[in-house]
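Undergrad: Have a look at this one before I ask anything.
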Amino acid sequence: MSINNNNKGIISKFVFYGFLLGLAFPVIAIIIELFSKGLALSFDNISVLFNTQPTLWIINLAPFVIAFVGYWLGNRFSVQNKEILKYAENEKNKSELILTFTEKLAEGDVNVQYSALEKDSQLDEIGRSLIKLRDNLKKSKEEAEQREKEEHQRNWVNEGLAKFGDIARQNNDNIQNLSYNIISNLVNYLDAKIGGVFLLNDDNPNEKFFELSGCYAFNRKKFLEKRIEWEEGLIGACGIELETIYLTDIPENHMMITSGLGETKPRALLLIPLKVNEIIYGVIEIASLKPFAIYQIEFVEKLAETIASVISSAKTNLNTAKLLHESQEKEKKLRVAEEEMRNNMEELNIAKEEAARQGEMLANFTNAVNHTLVRAEYDTNGNLIYANTRFLNKLGYTSNREIEGKHISIFINEKDKDWFFKIWDELSKGGKHFEGDMKHVTKQGRDFWSMATYTCVRNPDGTIEKILFLGIDITEQKKQNLDYEGQIDALNMANLKASFAPEGEFLDANKKFLDTLQLIPKDIKEKSIFDLVKGHSIKNFSSIWKDILDGIPFESQLQFKLDNESEKWLHGTFTAVRDMYGDVAKVIYLASDITERKLIEIENIKQTDQLKKQEEQLLKQQEQIKEQHEEFKKQTEKNIKDIQLEKERNEKTLEGALDAIVSINHNEEIELFNNAAEELWKINKQDVLGKHIRTILPPPHNTVKQGDVSKFLQSPENYLIGKRTEVNIVDSNGEEIPVLLTLSGVQVGGKQTYTAFIQNISVELF
């Protein structure tokens with residue numbers, strides 16, 4: 001009733017203050033209009049405004065409109081007020097439930113279930129936190145076991161990565177050995193049964209296939225030759241999709257695991273692509289009699305990246321060494337050809353001088369030249385006068401009639417005309433002759449390369465008669481040289497490259513080498529390989545350098561010291577290059593940057609060592625905890641025995657007391673009922689021990705509910721504790737007996753126990 005009156009008062013206040021607020025609008029509007037029109041405040045002027053401004057009548061309705069709005073808001077506020085009071089009552093009930101729940105948790109009962117709390121969808125944050133606390137206590141052991149399991153898995157992965165990193169470093173010069181060592185150790189490490197490494201053979205771009213590089217089964221190395229075509233089977237699918245394939249339903253006839261006991265179909269098949277930067281190098285296939293765990297699959301995927309990187313570096317180094325060897329052989333042949341051409345040119349010059357001195361031999365010489373060299377003659381304007389047969393054949397023409405009188409520009413590529421005609425202009429004016437490689441264009445549009453000489457033929461008076469072209473066909477050699485240059489450019493883009501003099505001084509280095517080691521081109525002339533190498537003594541590396549100069553290539557991972565005291569790790573090969581006399585002309589160093597991988601490897605080793613130390617510390621702590629637990633267990637058992645003895649001693653003492661003694665526990669159950677109590681109530685103690693106290697209470701107290709006795713004894717109305725009180729009891733025969741009752745209570749371990757000492761004061765009449 002008071003809540004409704006309060007709500008009516010709130011609505012009245014909203015209406016009243018809304019009406020007052022609404023009165024302000026017409027007053028302000030009238031004052032503004034009078035001020036804007038310069039009129040004084042008077043009733044007549046106000047009447048004029050209402051006649052001229054009809055909107056003022058509408059503004060006059062504002063007090064009533066806002067009063068209505070106030071009524072609406074007050075009504076809503078009163079509804080919310082009711083809801084708040086109801087919510088407060090609900091919160092009080094919830095608090096009592098939470099208090100009971102908290103007391104149980106304080107007593108250590110973590111398995112307690114309170115359905116009223118857990119079914120309450122509106123439970124506040126405290127209630128949810130308490131339930132969560134109970135659930136967290138139950139899950140603590142499970143979480144500890146899970147953490148231990150995850151820690152074991154991390155240690156297993158880190159140790160595996162370190163182990164296989166060592167295997168990869170020790171076998172990176174032989175792909176076959178690397179494949180077998182990887183797969184044999186991996187099969188054993190995963191406790192699998194069969195494994196194989198299939199490497200991609202793409203030497204012929206038109207015919208790609210996977211070939212078995214190494215396999216292992218049941219602790220025996222399998223020497224097999226197996227080829228799987230591109231896009232064939234699971235191996236092909238894994239290589240094309242570049243994704244891991246994990247099967248637990250193995251296709252029929254895919255493979256069988258054979259042992260001395262027979263054949264068994266594997267339960268799990270794992271295929272991992274060996275890829276680097278989305279480029280496939282091969283596939284690892286592993287079969288097992290038991291499924292693979294997720295962390296094992298992730299471990300093999302991480303390991304596959306390292307294996308693919310090592311295989312990529314090994315294949316690059318092999319291809320580089322092969323190309324370098326081919327380049328050296330072709331360079332030797334080219335030097336011989338150049339030497340022969342130089343000799344021919346020297347002979348040609350001698351022949352020219354001889355022709356000037358011996359005119360009678362000119363015809364024979366010209367004939368010899370025509371059979372040996374490509375020859376043509378032009379006037380000073382560039383028009384062809386004569387071309388010998390070799391010129392016609394090499395440039396794809398059949399007779400002089402096709403080209404006589406044609407300008408030389410038809411034999412010159414559009415891209416070469418600018419620089420060529422600068423030389424020609426100088427020659428036509430009697431300038432210095434030209435010697436060098438020259439490219440002509442044949443009738444068919446192909447390139448014709450020659451070691452060419454353009455020289456002026458003069459009249460006796462010194463004027464230019466004609467310009468003579470002589471050349472030796474070097475088209476094939478030039479194409480090979482351009483091919484070599486392209487390959488060398490490709491190597492420069494893919495690898496770090498530097499060349500050193502036999503004494504170790506820098507000769508040159510490509511941009512990738514300079515950028516990686518943060519070197520400035522003008523400064524490298526002042527450095528040698530001995531200034532950069534770190535991790536090897538000068539004496540030791542000097543010995544290695546001597547072996548390199550003796551023709552023994554050196555491949556290794558080297559640590560280089562940069563000027564800013566940082567470090568770089570390179571994996572590469574030093575190879576000596578010899579000149580035509582067999583002497584060492586220079587040493588070529590081709591390498592790849594492995595700094596990031598090396599640092600990760602070093603960090604993994606450090607982390608592994610640290611984890612081992614932490615594991616040792618944990619083992620020591622576990623031993624200490626175990627010892628403390630055993631000591632605590634022994635002490636607890638001793639305390640329990642002492643308490644039990646004390647309890648038995650007290651019970652025997654109370655059993656022999658002359659007064660009746662009755663003791664109840666926190667559940668209101670009778671725990672002690674001595675001999676005097678049996679005589680007083682005329683009841684056998686076995687009939688009441690463990691029963692509720694109402695069993696021996698007189699009417700109407702023998703109808704109390706569970707918890708009512710404890711509630712009364714703990715309430716301020718309790719008048720029995722610590723006092724001798726006369727009360728009546730009823731024995732088993734229904735006889736009422738007056739007694740003096742003294743009640744005491746004690747709390748142990750959070751649980752309350754009560755003991756009653758009862759003296760019979762009835763008087764027997766004789």
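To be explicit about the labels: the chains of the structure tokens are called A, B, and onward in the order shown, and within each one the residues are counted from 1, while ligands get numbers from 1 in the order they are shown.
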Would you mind writing down, as a ChimeraX atom specification, each residue of range 429-666 of chain A that DSSP on the backbone assigns to helix (DSSP H, G or I)?
TA: /A:475-494,511-516,521-526,529-532,538-549,595-655
Undergrad: Could those residues be written to a file, using C-alpha atoms, as a tab-separated table (two decimals), in the first residue's frame?
TA:
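Written file, result.tsv:
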```
chain	number	residue	atom	x	y	z
A	475	THR	CA	78.16	-16.97	-84.40
A	476	GLU	CA	78.06	-20.25	-82.47
A	477	GLN	CA	80.73	-19.16	-79.98
A	478	LYS	CA	78.91	-15.85	-79.46
A	479	LYS	CA	75.58	-17.58	-78.80
A	480	GLN	CA	77.30	-19.84	-76.27
A	481	ASN	CA	78.93	-16.82	-74.61
A	482	LEU	CA	75.58	-15.02	-74.39
A	483	ASP	CA	74.05	-18.20	-72.95
A	484	TYR	CA	76.87	-18.40	-70.38
A	485	GLU	CA	76.39	-14.75	-69.51
A	486	GLY	CA	72.66	-15.36	-69.00
A	487	GLN	CA	73.38	-18.33	-66.76
A	488	ILE	CA	75.93	-16.33	-64.79
A	489	ASP	CA	73.40	-13.49	-64.40
A	490	ALA	CA	70.86	-16.02	-63.15
A	491	LEU	CA	73.40	-17.34	-60.65
A	492	ASN	CA	74.13	-13.80	-59.52
A	493	MET	CA	70.43	-13.23	-58.90
A	494	ALA	CA	69.91	-16.54	-57.07
A	511	LYS	CA	75.18	-6.85	-55.42
A	512	LYS	CA	73.50	-9.60	-53.40
A	513	PHE	CA	76.81	-10.47	-51.70
A	514	LEU	CA	77.60	-6.81	-50.95
A	515	ASP	CA	74.09	-6.08	-49.62
A	516	THR	CA	74.04	-9.18	-47.41
A	521	PRO	CA	82.03	-1.71	-53.54
A	522	LYS	CA	84.91	0.77	-53.29
A	523	ASP	CA	86.00	-0.68	-49.91
A	524	ILE	CA	86.21	-4.37	-50.86
A	525	LYS	CA	89.56	-3.89	-52.63
A	526	GLU	CA	91.05	-3.22	-49.20
A	529	ILE	CA	88.45	-13.26	-47.26
A	530	PHE	CA	90.49	-13.59	-44.04
A	531	ASP	CA	89.07	-10.24	-42.79
A	532	LEU	CA	85.48	-11.53	-43.01
A	538	ILE	CA	93.43	-17.65	-39.47
A	539	LYS	CA	95.83	-20.59	-39.31
A	540	ASN	CA	93.05	-23.13	-39.79
A	541	PHE	CA	91.35	-21.23	-42.62
A	542	SER	CA	94.71	-20.63	-44.26
A	543	SER	CA	95.09	-24.41	-44.44
A	544	ILE	CA	91.61	-24.69	-45.97
A	545	TRP	CA	92.47	-21.93	-48.46
A	546	LYS	CA	95.62	-23.83	-49.49
A	547	ASP	CA	93.48	-26.92	-50.19
A	548	ILE	CA	91.13	-24.79	-52.32
A	549	LEU	CA	94.07	-23.52	-54.38
A	595	THR	CA	71.33	-16.50	-41.16
A	596	GLU	CA	67.69	-16.69	-40.12
A	597	ARG	CA	67.61	-20.50	-40.20
A	598	LYS	CA	70.95	-20.70	-38.34
A	599	LEU	CA	69.83	-18.27	-35.63
A	600	ILE	CA	66.59	-20.25	-35.18
A	601	GLU	CA	68.67	-23.42	-34.93
A	602	ILE	CA	70.99	-21.86	-32.32
A	603	GLU	CA	67.97	-20.50	-30.39
A	604	ASN	CA	66.32	-23.94	-30.48
A	605	ILE	CA	69.48	-25.49	-29.03
A	606	LYS	CA	69.53	-22.87	-26.25
A	607	GLN	CA	65.84	-23.42	-25.51
A	608	THR	CA	66.38	-27.17	-25.44
A	609	ASP	CA	69.21	-26.79	-22.93
A	610	GLN	CA	67.09	-24.44	-20.85
A	611	LEU	CA	64.15	-26.85	-20.91
A	612	LYS	CA	66.44	-29.69	-19.79
A	613	LYS	CA	67.63	-27.58	-16.85
A	614	GLN	CA	64.03	-26.69	-15.96
A	615	GLU	CA	63.11	-30.38	-16.18
A	616	GLU	CA	65.93	-31.28	-13.77
A	617	GLN	CA	64.76	-28.58	-11.35
A	618	LEU	CA	61.17	-29.87	-11.58
A	619	LEU	CA	62.34	-33.41	-10.85
A	620	LYS	CA	64.20	-32.18	-7.77
A	621	GLN	CA	61.14	-30.23	-6.63
A	622	GLN	CA	58.94	-33.29	-7.19
A	623	GLU	CA	61.27	-35.38	-5.02
A	624	GLN	CA	61.16	-32.73	-2.29
A	625	ILE	CA	57.37	-32.53	-2.48
A	626	LYS	CA	57.16	-36.32	-2.37
A	627	GLU	CA	59.33	-36.43	0.75
A	628	GLN	CA	57.26	-33.67	2.38
A	629	HIS	CA	54.07	-35.52	1.43
A	630	GLU	CA	55.31	-38.76	3.01
A	631	GLU	CA	56.30	-36.89	6.17
A	632	PHE	CA	52.92	-35.15	6.30
A	633	LYS	CA	51.17	-38.46	5.72
A	634	LYS	CA	53.03	-40.12	8.59
A	635	GLN	CA	52.31	-37.18	10.91
A	636	THR	CA	48.63	-37.19	9.90
A	637	GLU	CA	48.30	-40.91	10.57
A	638	LYS	CA	49.90	-40.43	13.97
A	639	ASN	CA	47.52	-37.54	14.78
A	640	ILE	CA	44.53	-39.62	13.69
A	641	LYS	CA	45.62	-42.49	15.94
A	642	ASP	CA	46.09	-40.09	18.87
A	643	ILE	CA	42.68	-38.55	18.29
A	644	GLN	CA	41.08	-41.98	18.00
A	645	LEU	CA	42.66	-43.09	21.28
A	646	GLU	CA	41.56	-39.89	22.97
A	647	LYS	CA	38.06	-40.33	21.59
A	648	GLU	CA	37.85	-43.92	22.82
A	649	ARG	CA	39.16	-42.85	26.25
A	650	ASN	CA	36.56	-40.07	26.50
A	651	GLU	CA	33.74	-42.34	25.33
A	652	LYS	CA	34.63	-44.98	27.94
A	653	THR	CA	34.76	-42.29	30.62
A	654	LEU	CA	31.34	-40.95	29.61
A	655	GLU	CA	29.89	-44.47	29.36
```
Undergrad: If we count only C-alpha atoms, what is near Arg694 in chain A at a cut-off of 10 Å, once residues fewer than 4 positions away on the same chain are taken out, given as number ranges by chain?
TA: A: 668-670, 698-706, 709
Undergrad: Write out as JSON, numbers by chain the residues lying within 9 Å of range 324-332 of chain A, counting only C-alpha atoms and excluding same-chain residues fewer than 3 positions away.
TA: {"A": [319, 320, 321, 335, 336, 337, 480, 481, 484, 488, 577, 578, 579, 580]}
Undergrad: Identify, on the basis of only C-alpha atoms, every residue whose closest approach to Glu241 in chain A does not exceed 10 Å; exclude the query and any residue fewer than 2 positions from it along the same chain; express the result as a VMD selection string.
TA: chain A and resid 231 236 to 239 243 to 245 273 278 280
Undergrad: For the selection just defined, write its residues with N, CA and C atoms to a file, as a CSV table (one decimal), in the first residue's frame.
TA:
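Result written to part28.csv:
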```csv
chain,number,residue,atom,x,y,z
A,231,GLU,N,51.3,-36.2,-60.9
A,231,GLU,CA,49.9,-36.3,-60.8
A,231,GLU,C,49.4,-37.7,-60.5
A,236,GLY,N,51.4,-37.9,-55.9
A,236,GLY,CA,51.2,-36.8,-56.9
A,236,GLY,C,50.2,-35.8,-56.4
A,237,ALA,N,49.1,-36.2,-55.8
A,237,ALA,CA,48.1,-35.3,-55.3
A,237,ALA,C,48.8,-34.4,-54.2
A,238,CYS,N,49.6,-34.9,-53.3
A,238,CYS,CA,50.2,-34.1,-52.3
A,238,CYS,C,51.2,-33.1,-52.9
A,239,GLY,N,51.9,-33.5,-53.9
A,239,GLY,CA,52.9,-32.6,-54.6
A,239,GLY,C,52.2,-31.5,-55.3
A,243,GLU,N,49.7,-29.6,-49.9
A,243,GLU,CA,49.0,-29.7,-48.7
A,243,GLU,C,49.2,-31.1,-48.0
A,244,THR,N,49.2,-31.1,-46.7
A,244,THR,CA,49.4,-32.4,-46.0
A,244,THR,C,48.2,-33.3,-46.2
A,245,ILE,N,48.4,-34.6,-46.4
A,245,ILE,CA,47.3,-35.6,-46.5
A,245,ILE,C,47.5,-36.5,-45.4
A,273,PRO,N,54.2,-32.5,-47.9
A,273,PRO,CA,55.0,-32.0,-49.1
A,273,PRO,C,56.3,-31.3,-48.6
A,278,GLU,N,56.3,-22.2,-51.6
A,278,GLU,CA,55.3,-22.8,-52.5
A,278,GLU,C,56.0,-23.5,-53.7
A,280,ILE,N,57.6,-27.1,-54.8
A,280,ILE,CA,57.7,-28.5,-54.3
A,280,ILE,C,59.0,-29.1,-54.7
```
Undergrad: For a test of reading the model, state the distance in Å between CA of Ile464 in chain A and CA of Arg375 in chain A, rounded to one decimal.
TA: 18.0 Å
